[in-house]
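Visitor: Just one file: query-v1.pdb, with PDB, N, CA and C atoms and all ligand atoms.
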ATOM      1  N   VAL A   1      23.085  -5.869   2.166
ATOM      2  CA  VAL A   1      22.497  -6.667   3.256
ATOM      3  C   VAL A   1      20.983  -6.547   3.214
ATOM      4  N   THR A   2      20.337  -7.639   3.081
ATOM      5  CA  THR A   2      18.887  -7.612   3.027
ATOM      6  C   THR A   2      18.260  -7.748   4.408
ATOM      7  N   GLY A   3      18.944  -8.460   5.289
ATOM      8  CA  GLY A   3      18.421  -8.617   6.644
ATOM      9  C   GLY A   3      17.244  -9.560   6.691
ATOM     10  N   ARG A   4      16.770  -9.737   7.859
ATOM     11  CA  ARG A   4      15.631 -10.634   8.022
ATOM     12  C   ARG A   4      14.334  -9.911   7.707
ATOM     13  N   THR A   5      13.421 -10.651   7.215
ATOM     14  CA  THR A   5      12.099 -10.062   6.990
ATOM     15  C   THR A   5      11.202 -10.500   8.136
ATOM     16  N   THR A   6      10.710  -9.541   8.814
ATOM     17  CA  THR A   6       9.806  -9.869   9.909
ATOM     18  C   THR A   6       8.453  -9.265   9.612
ATOM     19  N   ALA A   7       7.483  -9.737  10.282
ATOM     20  CA  ALA A   7       6.128  -9.259  10.044
ATOM     21  C   ALA A   7       5.772  -8.090  10.945
ATOM     22  N   ASN A   8       6.736  -7.648  11.708
ATOM     23  CA  ASN A   8       6.366  -6.611  12.667
ATOM     24  C   ASN A   8       6.725  -5.200  12.235
ATOM     25  N   GLY A   9       6.505  -4.917  10.982
ATOM     26  CA  GLY A   9       6.711  -3.556  10.527
ATOM     27  C   GLY A   9       5.530  -2.661  10.866
ATOM     28  N   TYR A  10       4.553  -3.253  11.507
ATOM     29  CA  TYR A  10       3.346  -2.500  11.792
ATOM     30  C   TYR A  10       3.302  -2.029  13.233
ATOM     31  N   GLY A  11       3.643  -0.812  13.449
ATOM     32  CA  GLY A  11       3.657  -0.291  14.805
ATOM     33  C   GLY A  11       2.548   0.700  15.052
ATOM     34  N   HIS A  12       2.831   1.550  15.958
ATOM     35  CA  HIS A  12       1.863   2.542  16.394
ATOM     36  C   HIS A  12       1.495   3.511  15.274
ATOM     37  N   THR A  13       2.521   3.981  14.579
ATOM     38  CA  THR A  13       2.296   4.932  13.487
ATOM     39  C   THR A  13       1.357   4.353  12.447
ATOM     40  N   HIS A  14       1.576   3.096  12.151
ATOM     41  CA  HIS A  14       0.739   2.420  11.173
ATOM     42  C   HIS A  14      -0.729   2.469  11.596
ATOM     43  N   GLN A  15      -0.967   2.134  12.840
ATOM     44  CA  GLN A  15      -2.330   2.163  13.365
ATOM     45  C   GLN A  15      -2.949   3.546  13.251
ATOM     46  N   GLN A  16      -2.177   4.539  13.661
ATOM     47  CA  GLN A  16      -2.684   5.918  13.624
ATOM     48  C   GLN A  16      -3.000   6.364  12.210
ATOM     49  N   LEU A  17      -2.073   6.069  11.307
ATOM     50  CA  LEU A  17      -2.284   6.455   9.918
ATOM     51  C   LEU A  17      -3.504   5.758   9.337
ATOM     52  N   ARG A  18      -3.636   4.503   9.690
ATOM     53  CA  ARG A  18      -4.788   3.743   9.201
ATOM     54  C   ARG A  18      -6.092   4.364   9.674
ATOM     55  N   GLU A  19      -6.079   4.780  10.925
ATOM     56  CA  GLU A  19      -7.280   5.399  11.467
ATOM     57  C   GLU A  19      -7.578   6.735  10.798
ATOM     58  N   GLN A  20      -6.502   7.441  10.425
ATOM     59  CA  GLN A  20      -6.703   8.718   9.744
ATOM     60  C   GLN A  20      -7.254   8.505   8.344
ATOM     61  N   TRP A  21      -6.774   7.440   7.733
ATOM     62  CA  TRP A  21      -7.212   7.165   6.363
ATOM     63  C   TRP A  21      -8.614   6.580   6.292
ATOM     64  N   ALA A  22      -8.963   5.800   7.297
ATOM     65  CA  ALA A  22     -10.210   5.033   7.252
ATOM     66  C   ALA A  22     -11.439   5.831   6.807
ATOM     67  N   PRO A  23     -11.711   6.978   7.433
ATOM     68  CA  PRO A  23     -12.903   7.729   7.019
ATOM     69  C   PRO A  23     -12.804   8.268   5.593
ATOM     70  N   ILE A  24     -11.586   8.523   5.143
ATOM     71  CA  ILE A  24     -11.400   9.038   3.784
ATOM     72  C   ILE A  24     -11.621   7.916   2.774
ATOM     73  N   VAL A  25     -11.048   6.758   3.089
ATOM     74  CA  VAL A  25     -11.225   5.609   2.203
ATOM     75  C   VAL A  25     -12.705   5.231   2.120
ATOM     76  N   ALA A  26     -13.397   5.399   3.241
ATOM     77  CA  ALA A  26     -14.816   5.042   3.311
ATOM     78  C   ALA A  26     -15.685   5.887   2.374
ATOM     79  N   THR A  27     -15.151   7.001   1.920
ATOM     80  CA  THR A  27     -15.910   7.838   0.996
ATOM     81  C   THR A  27     -15.851   7.292  -0.433
ATOM     82  N   GLY A  28     -14.919   6.360  -0.658
ATOM     83  CA  GLY A  28     -14.827   5.750  -1.982
ATOM     84  C   GLY A  28     -14.146   6.636  -3.012
ATOM     85  N   THR A  29     -13.377   7.601  -2.547
ATOM     86  CA  THR A  29     -12.730   8.532  -3.481
ATOM     87  C   THR A  29     -11.216   8.348  -3.533
ATOM     88  N   VAL A  30     -10.712   7.376  -2.778
ATOM     89  CA  VAL A  30      -9.272   7.189  -2.722
ATOM     90  C   VAL A  30      -8.834   6.157  -3.770
ATOM     91  N   VAL A  31      -7.818   6.528  -4.520
ATOM     92  CA  VAL A  31      -7.298   5.628  -5.544
ATOM     93  C   VAL A  31      -6.141   4.814  -4.958
ATOM     94  N   CYS A  32      -6.185   3.542  -5.213
ATOM     95  CA  CYS A  32      -5.157   2.604  -4.764
ATOM     96  C   CYS A  32      -3.780   3.049  -5.254
ATOM     97  N   THR A  33      -2.783   2.960  -4.387
ATOM     98  CA  THR A  33      -1.444   3.421  -4.764
ATOM     99  C   THR A  33      -0.826   2.558  -5.864
ATOM    100  N   ARG A  34      -1.374   1.363  -6.067
ATOM    101  CA  ARG A  34      -0.815   0.470  -7.085
ATOM    102  C   ARG A  34      -1.461   0.655  -8.440
ATOM    103  N   TYR A  35      -2.443   1.502  -8.491
ATOM    104  CA  TYR A  35      -3.150   1.692  -9.745
ATOM    105  C   TYR A  35      -2.212   2.214 -10.819
ATOM    106  N   ASP A  36      -2.404   1.705 -12.029
ATOM    107  CA  ASP A  36      -1.605   2.157 -13.156
ATOM    108  C   ASP A  36      -0.186   1.595 -13.145
ATOM    109  N   HIS A  37       0.079   0.680 -12.259
ATOM    110  CA  HIS A  37       1.382   0.039 -12.228
ATOM    111  C   HIS A  37       1.293  -1.197 -13.137
ATOM    112  N   PRO A  38       2.258  -1.362 -14.035
ATOM    113  CA  PRO A  38       2.187  -2.484 -14.988
ATOM    114  C   PRO A  38       2.116  -3.852 -14.313
ATOM    115  N   GLN A  39       2.608  -3.941 -13.095
ATOM    116  CA  GLN A  39       2.581  -5.228 -12.416
ATOM    117  C   GLN A  39       1.288  -5.478 -11.644
ATOM    118  N   PHE A  40       0.391  -4.504 -11.729
ATOM    119  CA  PHE A  40      -0.900  -4.661 -11.056
ATOM    120  C   PHE A  40      -2.038  -4.406 -12.037
ATOM    121  N   PRO A  41      -2.063  -5.212 -13.090
ATOM    122  CA  PRO A  41      -3.041  -4.966 -14.163
ATOM    123  C   PRO A  41      -4.486  -5.131 -13.707
ATOM    124  N   ARG A  42      -4.684  -5.832 -12.609
ATOM    125  CA  ARG A  42      -6.059  -6.072 -12.181
ATOM    126  C   ARG A  42      -6.564  -5.045 -11.191
ATOM    127  N   CYS A  43      -5.715  -4.110 -10.861
ATOM    128  CA  CYS A  43      -6.143  -3.073  -9.929
ATOM    129  C   CYS A  43      -7.172  -2.182 -10.626
ATOM    130  N   THR A  44      -8.257  -1.951  -9.928
ATOM    131  CA  THR A  44      -9.353  -1.200 -10.538
ATOM    132  C   THR A  44      -9.310   0.291 -10.201
ATOM    133  N   GLY A  45      -8.279   0.702  -9.454
ATOM    134  CA  GLY A  45      -8.175   2.114  -9.133
ATOM    135  C   GLY A  45      -8.824   2.469  -7.809
ATOM    136  N   LEU A  46      -9.991   3.006  -7.904
ATOM    137  CA  LEU A  46     -10.687   3.438  -6.694
ATOM    138  C   LEU A  46     -10.910   2.306  -5.698
ATOM    139  N   ILE A  47     -10.706   2.639  -4.451
ATOM    140  CA  ILE A  47     -11.037   1.694  -3.391
ATOM    141  C   ILE A  47     -12.469   2.006  -2.984
ATOM    142  N   HIS A  48     -13.355   1.090  -3.241
ATOM    143  CA  HIS A  48     -14.765   1.332  -2.965
ATOM    144  C   HIS A  48     -15.073   1.151  -1.487
ATOM    145  N   PRO A  49     -16.092   1.874  -1.024
ATOM    146  CA  PRO A  49     -16.493   1.709   0.377
ATOM    147  C   PRO A  49     -16.795   0.234   0.637
ATOM    148  N   GLY A  50     -16.249  -0.279   1.714
ATOM    149  CA  GLY A  50     -16.476  -1.679   2.043
ATOM    150  C   GLY A  50     -15.388  -2.605   1.517
ATOM    151  N   ASP A  51     -14.564  -2.090   0.595
ATOM    152  CA  ASP A  51     -13.440  -2.893   0.121
ATOM    153  C   ASP A  51     -12.427  -3.060   1.237
ATOM    154  N   GLN A  52     -11.738  -4.163   1.201
ATOM    155  CA  GLN A  52     -10.667  -4.333   2.166
ATOM    156  C   GLN A  52      -9.421  -3.652   1.633
ATOM    157  N   TRP A  53      -8.745  -2.945   2.512
ATOM    158  CA  TRP A  53      -7.552  -2.223   2.066
ATOM    159  C   TRP A  53      -6.464  -2.286   3.124
ATOM    160  N   GLU A  54      -5.276  -1.965   2.717
ATOM    161  CA  GLU A  54      -4.130  -1.940   3.601
ATOM    162  C   GLU A  54      -3.339  -0.678   3.317
ATOM    163  N   LEU A  55      -2.568  -0.283   4.285
ATOM    164  CA  LEU A  55      -1.713   0.872   4.097
ATOM    165  C   LEU A  55      -0.422   0.400   3.427
ATOM    166  N   GLY A  56      -0.123   0.946   2.279
ATOM    167  CA  GLY A  56       1.053   0.489   1.543
ATOM    168  C   GLY A  56       2.336   1.153   2.003
ATOM    169  N   HIS A  57       3.410   0.432   1.843
ATOM    170  CA  HIS A  57       4.736   0.972   2.142
ATOM    171  C   HIS A  57       5.449   1.332   0.854
ATOM    172  N   ASN A  58       6.350   2.272   0.964
ATOM    173  CA  ASN A  58       7.253   2.543  -0.137
ATOM    174  C   ASN A  58       8.081   1.282  -0.342
ATOM    175  N   ASP A  59       8.270   0.873  -1.581
ATOM    176  CA  ASP A  59       8.951  -0.383  -1.841
ATOM    177  C   ASP A  59      10.441  -0.338  -1.532
ATOM    178  N   GLN A  60      10.988   0.841  -1.544
ATOM    179  CA  GLN A  60      12.402   0.974  -1.237
ATOM    180  C   GLN A  60      12.638   1.225   0.249
ATOM    181  N   ASP A  61      11.750   1.973   0.839
ATOM    182  CA  ASP A  61      11.919   2.341   2.237
ATOM    183  C   ASP A  61      10.650   2.012   3.017
ATOM    184  N   LYS A  62      10.740   0.953   3.759
ATOM    185  CA  LYS A  62       9.571   0.429   4.456
ATOM    186  C   LYS A  62       9.031   1.389   5.525
ATOM    187  N   SER A  63       9.840   2.368   5.897
ATOM    188  CA  SER A  63       9.385   3.295   6.934
ATOM    189  C   SER A  63       8.476   4.374   6.356
ATOM    190  N   ILE A  64       8.400   4.431   5.033
ATOM    191  CA  ILE A  64       7.559   5.424   4.383
ATOM    192  C   ILE A  64       6.240   4.788   3.956
ATOM    193  N   TYR A  65       5.169   5.406   4.336
ATOM    194  CA  TYR A  65       3.870   4.910   3.927
ATOM    195  C   TYR A  65       3.407   5.644   2.685
ATOM    196  N   THR A  66       2.906   4.896   1.736
ATOM    197  CA  THR A  66       2.487   5.528   0.493
ATOM    198  C   THR A  66       1.010   5.876   0.496
ATOM    199  N   GLY A  67       0.217   5.070   1.190
ATOM    200  CA  GLY A  67      -1.213   5.324   1.224
ATOM    201  C   GLY A  67      -1.996   4.029   1.070
ATOM    202  N   PRO A  68      -3.301   4.175   1.074
ATOM    203  CA  PRO A  68      -4.143   2.990   1.015
ATOM    204  C   PRO A  68      -4.028   2.258  -0.322
ATOM    205  N   GLU A  69      -4.068   0.964  -0.250
ATOM    206  CA  GLU A  69      -4.135   0.158  -1.457
ATOM    207  C   GLU A  69      -5.039  -1.036  -1.172
ATOM    208  N   HIS A  70      -5.611  -1.597  -2.232
ATOM    209  CA  HIS A  70      -6.474  -2.759  -2.061
ATOM    210  C   HIS A  70      -5.715  -3.849  -1.312
ATOM    211  N   LEU A  71      -6.432  -4.593  -0.522
ATOM    212  CA  LEU A  71      -5.798  -5.702   0.180
ATOM    213  C   LEU A  71      -5.146  -6.650  -0.828
ATOM    214  N   THR A  72      -5.833  -6.892  -1.931
ATOM    215  CA  THR A  72      -5.292  -7.794  -2.954
ATOM    216  C   THR A  72      -4.003  -7.232  -3.555
ATOM    217  N   CYS A  73      -3.980  -5.938  -3.780
ATOM    218  CA  CYS A  73      -2.782  -5.304  -4.342
ATOM    219  C   CYS A  73      -1.645  -5.348  -3.329
ATOM    220  N   ASN A  74      -1.989  -5.124  -2.071
ATOM    221  CA  ASN A  74      -0.999  -5.145  -1.008
ATOM    222  C   ASN A  74      -0.360  -6.535  -0.908
ATOM    223  N   ARG A  75      -1.198  -7.550  -0.991
ATOM    224  CA  ARG A  75      -0.700  -8.927  -0.914
ATOM    225  C   ARG A  75       0.172  -9.243  -2.128
ATOM    226  N   ARG A  76      -0.272  -8.776  -3.267
ATOM    227  CA  ARG A  76       0.476  -9.020  -4.491
ATOM    228  C   ARG A  76       1.850  -8.349  -4.407
ATOM    229  N   ALA A  77       1.855  -7.132  -3.909
ATOM    230  CA  ALA A  77       3.116  -6.406  -3.761
ATOM    231  C   ALA A  77       4.048  -7.172  -2.831
ATOM    232  N   GLY A  78       3.469  -7.685  -1.742
ATOM    233  CA  GLY A  78       4.265  -8.439  -0.785
ATOM    234  C   GLY A  78       4.872  -9.677  -1.426
ATOM    235  N   GLY A  79       4.076 -10.345  -2.232
ATOM    236  CA  GLY A  79       4.548 -11.550  -2.906
ATOM    237  C   GLY A  79       5.651 -11.235  -3.902
ATOM    238  N   LEU A  80       5.440 -10.206  -4.700
ATOM    239  CA  LEU A  80       6.436  -9.811  -5.695
ATOM    240  C   LEU A  80       7.732  -9.394  -5.011
ATOM    241  N   LYS A  81       7.578  -8.697  -3.914
ATOM    242  CA  LYS A  81       8.737  -8.208  -3.185
ATOM    243  C   LYS A  81       9.561  -9.375  -2.650
ATOM    244  N   ARG A  82       8.836 -10.362  -2.148
ATOM    245  CA  ARG A  82       9.509 -11.518  -1.573
ATOM    246  C   ARG A  82      10.383 -12.207  -2.615
ATOM    247  N   PHE A  83       9.936 -12.194  -3.838
ATOM    248  CA  PHE A  83      10.719 -12.832  -4.891
ATOM    249  C   PHE A  83      11.615 -11.829  -5.604
ATOM    250  N   GLY A  84      11.663 -10.619  -5.094
ATOM    251  CA  GLY A  84      12.523  -9.604  -5.684
ATOM    252  C   GLY A  84      12.080  -9.186  -7.067
ATOM    253  N   LYS A  85      10.787  -9.319  -7.316
ATOM    254  CA  LYS A  85      10.299  -9.028  -8.662
ATOM    255  C   LYS A  85       9.507  -7.734  -8.769
ATOM    256  N   LEU A  86       9.384  -7.061  -7.680
ATOM    257  CA  LEU A  86       8.589  -5.838  -7.723
ATOM    258  C   LEU A  86       9.402  -4.690  -8.279
ATOM    259  N   GLU A  87       8.879  -4.080  -9.290
ATOM    260  CA  GLU A  87       9.580  -2.952  -9.886
ATOM    261  C   GLU A  87       9.167  -1.665  -9.190
ATOM    262  N   PRO A  88      10.090  -0.728  -9.129
ATOM    263  CA  PRO A  88       9.789   0.530  -8.430
ATOM    264  C   PRO A  88       8.600   1.255  -9.056
ATOM    265  N   THR A  89       7.784   1.779  -8.206
ATOM    266  CA  THR A  89       6.671   2.579  -8.693
ATOM    267  C   THR A  89       7.154   4.005  -8.855
ATOM    268  N   GLN A  90       6.439   4.752  -9.625
ATOM    269  CA  GLN A  90       6.777   6.166  -9.699
ATOM    270  C   GLN A  90       6.361   6.818  -8.386
ATOM    271  N   GLU A  91       7.030   7.870  -8.052
ATOM    272  CA  GLU A  91       6.728   8.533  -6.793
ATOM    273  C   GLU A  91       5.258   8.914  -6.692
ATOM    274  N   THR A  92       4.666   8.514  -5.606
ATOM    275  CA  THR A  92       3.298   8.961  -5.386
ATOM    276  C   THR A  92       3.327   9.994  -4.275
ATOM    277  N   ASN A  93       2.876  11.133  -4.595
ATOM    278  CA  ASN A  93       2.871  12.185  -3.592
ATOM    279  C   ASN A  93       1.471  12.421  -3.058
ATOM    280  N   LEU A  94       1.236  11.838  -1.918
ATOM    281  CA  LEU A  94      -0.065  12.023  -1.314
ATOM    282  C   LEU A  94       0.015  13.178  -0.346
ATOM    283  N   GLU A  95      -0.783  14.138  -0.610
ATOM    284  CA  GLU A  95      -0.727  15.301   0.256
ATOM    285  C   GLU A  95      -1.788  15.255   1.323
ATOM    286  N   TRP A  96      -1.379  15.646   2.451
ATOM    287  CA  TRP A  96      -2.272  15.645   3.600
ATOM    288  C   TRP A  96      -2.779  17.023   3.863
TER     289      TRP A  96
HETATM  290 ZN    ZN A 101      -5.348  -1.727  -6.162
END
Show me this structure written as structure tokens.
Ligand SMILES: [Zn+2]

Guide:
Amino acid sequence: VTGRTTANGYGHTHQQLREQWAPIVATGTVVCTRYDHPQFPRCTGLIHPGDQWELGHNDQDKSIYTGPEHLTCNRRAGGLKRFGKLEPTQETNLEW
């Protein structure tokens, strides 16, 4: 069962996590979670200060956040997912 896809996966936790990440991402030292993924050949890795970014979800479990990724990568992931073409990424273990 795939269920309906709604746009409201973004709740309170998402906001909080985003706020926690924001100052770290602003340092320009955070690497996009999609980096090194064969389906994201244009990902440049580091999210530079001032870049637009989004908090990525685990592709299998939407309740798990993987970490910051470029807005472009996030959109691409969303598009691939919609067509069922996104391949699983290797586990990314972001430690807090
Ligand atoms: Zn990226």

Visitor: Write out as an MDAnalysis selection string each polymer residue (protein, DNA or RNA) that has an atom no more than 8 Å from ligand ZN 101 (chain A), with only N, CA and C atoms and all ligand atoms counted.

Guide: chainID A and resid 31:36 40 42:47 68:74

Visitor: Using the chain letters and numbers from this document, which residues of range 19-62 of chain A does DSSP assign to strand (DSSP E), as a list in words?

Guide: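 Selecting the strand (DSSP E) positions of range 19-62 of chain A gives Trp53, Glu54, Leu55, Gly56 and His57 of chain A.
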
Visitor: Kindly export the residues of the current selection with N, CA and C atoms, as a PDB file, in the frame of the given file.

Guide:
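Below is the file part.pdb, written as the result:
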ATOM      1  N   TRP A  53      -8.745  -2.945   2.512  1.00  0.00           N
ATOM      2  CA  TRP A  53      -7.552  -2.223   2.066  1.00  0.00           C
ATOM      3  C   TRP A  53      -6.464  -2.286   3.124  1.00  0.00           C
ATOM      4  N   GLU A  54      -5.276  -1.965   2.717  1.00  0.00           N
ATOM      5  CA  GLU A  54      -4.130  -1.940   3.601  1.00  0.00           C
ATOM      6  C   GLU A  54      -3.339  -0.678   3.317  1.00  0.00           C
ATOM      7  N   LEU A  55      -2.568  -0.283   4.285  1.00  0.00           N
ATOM      8  CA  LEU A  55      -1.713   0.872   4.097  1.00  0.00           C
ATOM      9  C   LEU A  55      -0.422   0.400   3.427  1.00  0.00           C
ATOM     10  N   GLY A  56      -0.123   0.946   2.279  1.00  0.00           N
ATOM     11  CA  GLY A  56       1.053   0.489   1.543  1.00  0.00           C
ATOM     12  C   GLY A  56       2.336   1.153   2.003  1.00  0.00           C
ATOM     13  N   HIS A  57       3.410   0.432   1.843  1.00  0.00           N
ATOM     14  CA  HIS A  57       4.736   0.972   2.142  1.00  0.00           C
ATOM     15  C   HIS A  57       5.449   1.332   0.854  1.00  0.00           C
TER      16      HIS A  57
END

Visitor: Hey, which bits of range 47-83 of chain A sit within 12 Å of range 19-23 of chain A, and for each residue what's the closest pair of atoms and how far apart in Å (one decimal), counting only C-alpha atoms, rows by chain and increasing number, as a Markdown table?

Guide:
| residue | atom | partner | partner_atom | distance |
| --- | --- | --- | --- | --- |
| A:Ile47 | CA | A:Ala22 | CA | 11.2 |
| A:His48 | CA | A:Ala22 | CA | 11.8 |
| A:Pro49 | CA | A:Pro23 | CA | 9.7 |
| A:Gly50 | CA | A:Ala22 | CA | 10.6 |
| A:Asp51 | CA | A:Ala22 | CA | 11.1 |
| A:Gln52 | CA | A:Ala22 | CA | 10.7 |
| A:Trp53 | CA | A:Ala22 | CA | 9.3 |
| A:Glu54 | CA | A:Ala22 | CA | 9.9 |
| A:Leu55 | CA | A:Trp21 | CA | 8.7 |
| A:Gly56 | CA | A:Trp21 | CA | 11.7 |
| A:Tyr65 | CA | A:Trp21 | CA | 11.6 |
| A:Thr66 | CA | A:Trp21 | CA | 11.5 |
| A:Gly67 | CA | A:Trp21 | CA | 8.1 |
| A:Pro68 | CA | A:Trp21 | CA | 7.4 |
| A:Glu69 | CA | A:Trp21 | CA | 10.9 |

Visitor: Would you compute the distance between CA of Asp59 in chain A and CA of His14 in chain A? Give it in Å to one decimal.

Guide: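 CA of Asp59 in chain A sits 15.6 Å away from CA of His14 in chain A.
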
Visitor: Enter the distance from CA of Gly79 in chain A to CA of Leu17 in chain A, in Å, rounded to one decimal.

Guide: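 Between these atoms lies a distance of 23.1 Å.
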
Visitor: What gap, in Å, lies between atom N of Gln60 in chain A and CA of Gln16 in chain A?

Guide: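 Separation of atom N of Gln60 in chain A and CA of Gln16 in chain A: 21.0 Å.
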
Visitor: Can you list, as a list in words, every residue of chain A that DSSP puts in helix (DSSP H, G or I)?

Guide: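 Helix (DSSP H, G or I) members of chain A, listed: His12, Thr13, His14, Gln15, Gln16, Leu17, Arg18, Glu19, Gln20, Trp21, Ala22, Pro23, Ile24, Val25, Leu71, Thr72, Cys73, Asn74, Arg75, Arg76, Ala77, Gly78, Gly79, Leu80, Lys81 and Arg82 of chain A.
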
Visitor: Return as AutoDock Vina command-line options the box centre and box size in Å, one decimal, for an axis-aligned box around all listed atoms of range 29-32 of chain A padded by 8 Å per side.

Guide:
--center_x -8.6 --center_y 5.6 --center_z -4.0 --size_x 25.6 --size_y 21.9 --size_z 19.0
